[in-house]
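**Q** One structure coming up, written as structure tokens, with questions to follow.
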Amino acid sequence: MTEKVTLNDATTNSGYDLPLMSGSMGPKVIDIRRLYAETGHFTYDPGFVATASCESKITYIDGDEGVLLHRGYSIDELAEHSDFMEVCYLLLHGELPNRDEKDTFVSNITNHTMIHEQLVQFFRGFRRDAHPMAIMVGVVGALSAFYHDSLDIDDPHHRMIASHRLIAKMPTIAAMAYKYSVGQPFLTPRNDQSYAENFLRMTFGVPAEDWKPNPVLTKAMDRIFILHADHEQNASTSTVRLAGSSGANPFACIAAGIACLWGPSHGGANEAVLNMLDEIGSVDNVAEMLNRAKDKDDPFRLMGFGHRVYKNYDPRAKVMQQTCHEVLDELGVKNEPMLKLAMELEKIALEDSYFVERQLYPNVDFYSGIILKAMGFPTSMFTSIFALARTVGWIAQWNEMVEDPVQKIGRPRQIYTGEGPRKYVPLHQRG
């Protein structure tokens, strides 16, 4: 027997039964698809915080318990034992690969890392001081003009080729955006290096000398990719799904996701952490700034602490904290003023009763910003690295949406609060 809830309409003294849906995990959901047809009413839910827009088998989050699962596997285990290519395969295909499947997948990604030579000229159309995210939005959107053989979203083979191309080319595009901003020559990908190694070399290597990978930094970069790979129906993922619901090609959909991620409340949060540390300025100012953060009338906010979804500790932050200290130890930069300030802020916030009682723990953005800063990335690159990692999640969600038999073009409703019907007044009669 189907479970139902009854909605009572006080204006008509009527009752309406609405079916309940159950996922494999998480709370039950009221199915309101027939609500307007049966009652003449919509629901009002700014930000869609209480609305399930789709069914998904990809990522599960329990914010109260601090749980993040990809296809049932905890983020802790994946970050500890897996690598980014394996996580990409898992998100796309639903299962961890065997050895042959992984080798084939890695080979497919590796063979798509180069970009079309004409796209190099596309970069030169931007100003040198253009933000890397501006470049990525433009270049990724332009990929649809170069790869016409993977634009048929109804063809599973086309969708998979487009998926591989986007995952493969994103590090190349991100590294080129950085190189362009600093006036250095582009470096092409190498097929004998891992995904993370290739990105680091294309970003920091120069033609004048050989670039040697650092295993600690490579592992840290790979973990950052894993921890940012997908995060359920967040703003940018919902943007990708909404763009895709119209039948737009995958390159355009991912470009839309990048544009949404650019916002400081979403992907720009780790960049905001570094800007906050700049504002604090010194370890000597930490106590004063923490007091300001506690004052609800003070505009200063402590960035990188707490999370909209996680009411407990961000499970990704636990892994990132360990990685952060490994990187700082490897590079010997713990006494660098900004990083020393960040570590002091972390220590005090974890002990201060105000933050502990409110569960305002350091989140993934706090630690990833510190790591990227220590590795030599300018703050303008932080969100681009986030976009690079999140591409696989966007692609997996987009594929799932395209294959969903009940998906429709997105069309949220509204409460209209404007003027009612009015008569047009000719210009010469208006006062």
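Residues are referred to by chain and number: the chain letter is A, B, ... according to the order shown in the structure tokens, the number counts from 1 in that chain, and ligands are numbered separately from 1 in the order shown.
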Among the residues of range 195-376 of chain A, find those DSSP assigns to alpha helix (DSSP H) from the backbone and print them as an MDAnalysis selection string.

**A** chainID A and resid 195:204 215:227 235:244 250:261 269:280 286:294 315:331 337:351 353:357 364:375

**Q** For range 296-318 of chain A against range 75-89 of chain A, with a cut-off of 9 Å and counting only C-alpha atoms, what is the closest atom pair and its distance in Å to one decimal for every residue that makes the cut, ordered by chain and number, as a Markdown table?

**A**
```
| residue | atom | partner | partner_atom | distance |
| --- | --- | --- | --- | --- |
| A:Pro315 | CA | A:Asp76 | CA | 7.1 |
| A:Arg316 | CA | A:Ile75 | CA | 6.9 |
| A:Lys318 | CA | A:Asp76 | CA | 8.2 |
```

**Q** Go through A:Ile167, A:Ile370, A:Ala235, A:Met114 one by one, measure the shortest atom-to-atom distance of each to Val392 in chain A using only C-alpha atoms, and give the residue with the smallest value.

**A**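 Answer, going by the shortest atom-to-atom distance: A:Ile167.
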
**Q** Excluding same-chain residues fewer than 4 positions from Val29 in chain A, what lies within 9 Å of it counting only C-alpha atoms, as a list of chain:residue names?

**A**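 Neighbouring residues, sequence-local ones excluded: A:Pro19, A:Leu20, A:Met21, A:Ser22, A:Gly23, A:Thr51, A:Ala52.
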
**Q** Could those residues be written to a file, using N, CA and C atoms, as a PDB file, in the first residue's frame?

**A**
```
ATOM      1  N   PRO A  19       1.123  11.239  -2.297  1.00  0.00           N
ATOM      2  CA  PRO A  19       1.930  10.036  -2.047  1.00  0.00           C
ATOM      3  C   PRO A  19       3.303  10.370  -1.471  1.00  0.00           C
ATOM      4  N   LEU A  20       3.843   9.448  -0.675  1.00  0.00           N
ATOM      5  CA  LEU A  20       5.194   9.553  -0.139  1.00  0.00           C
ATOM      6  C   LEU A  20       6.128   8.668  -0.945  1.00  0.00           C
ATOM      7  N   MET A  21       7.302   9.175  -1.250  1.00  0.00           N
ATOM      8  CA  MET A  21       8.321   8.403  -1.949  1.00  0.00           C
ATOM      9  C   MET A  21       9.478   8.145  -0.995  1.00  0.00           C
ATOM     10  N   SER A  22      10.133   6.997  -1.176  1.00  0.00           N
ATOM     11  CA  SER A  22      11.270   6.633  -0.331  1.00  0.00           C
ATOM     12  C   SER A  22      12.485   6.343  -1.187  1.00  0.00           C
ATOM     13  N   GLY A  23      13.626   6.909  -0.796  1.00  0.00           N
ATOM     14  CA  GLY A  23      14.884   6.550  -1.430  1.00  0.00           C
ATOM     15  C   GLY A  23      15.512   5.380  -0.698  1.00  0.00           C
ATOM     16  N   THR A  51      13.137  20.835  -1.524  1.00  0.00           N
ATOM     17  CA  THR A  51      12.565  20.248  -2.734  1.00  0.00           C
ATOM     18  C   THR A  51      13.557  19.306  -3.395  1.00  0.00           C
ATOM     19  N   ALA A  52      13.124  18.076  -3.649  1.00  0.00           N
ATOM     20  CA  ALA A  52      13.934  17.131  -4.418  1.00  0.00           C
ATOM     21  C   ALA A  52      13.606  17.318  -5.890  1.00  0.00           C
TER      22      ALA A  52
END
```

**Q** Quick one: residues within 10 Å of Val5 in chain A, only C-alpha atoms, excluding same-chain residues fewer than 6 positions away - as a VMD selection string?

**A** chain A and resid 15 to 20 30 to 31

**Q** Of the residues A:Arg430, A:Lys169, A:Lys57, A:His228, which is the one nearest to His116 in chain A, using only C-alpha atoms?

**A**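 The answer is A:Lys169, which sits nearest to His116 in chain A.
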
**Q** Identify, on the basis of only C-alpha atoms, every residue whose closest approach to Met343 in chain A does not exceed 12 Å; exclude the query and any residue fewer than 3 positions from it along the same chain; express the result as a list in words.

**A**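 My list of contacting residues is Leu277, Ser282, Val283, Val286, Gln321, Cys324, His325, Leu328, Val333, Lys334, Asn335, Glu336, Pro337, Met338, Leu339, Lys340, Glu346, Lys347, Ile348, Ala349, Leu350, Pro362, Phe366, Tyr367, Ile370 and Ile371 of chain A.
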
**Q** Using only C-alpha atoms, pick whichever of A:Val139, A:Ser24, A:His266, A:Gln407 has the shortest atom-to-atom distance to His231 in chain A.

**A**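 Using only C-alpha atoms, His231 in chain A sits closest to A:His266.
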
**Q** Using DSSP on the backbone, list every residue of range 12-75 of chain A that comes out as strand (DSSP E), and give them as a PyMOL selection string.

**A** chain A and resi 14-21+29-30+59-62+67-70+73-74

**Q** Distance CA of Ser384 in chain A-CA of Asp192 in chain A, one decimal place?

**A** 24.0 Å

**Q** Which residue, A:Ile109, A:Ala175, A:Val402, A:Cys253, has the smallest gap to Tyr195 in chain A when you use only C-alpha atoms?

**A** A:Ile109
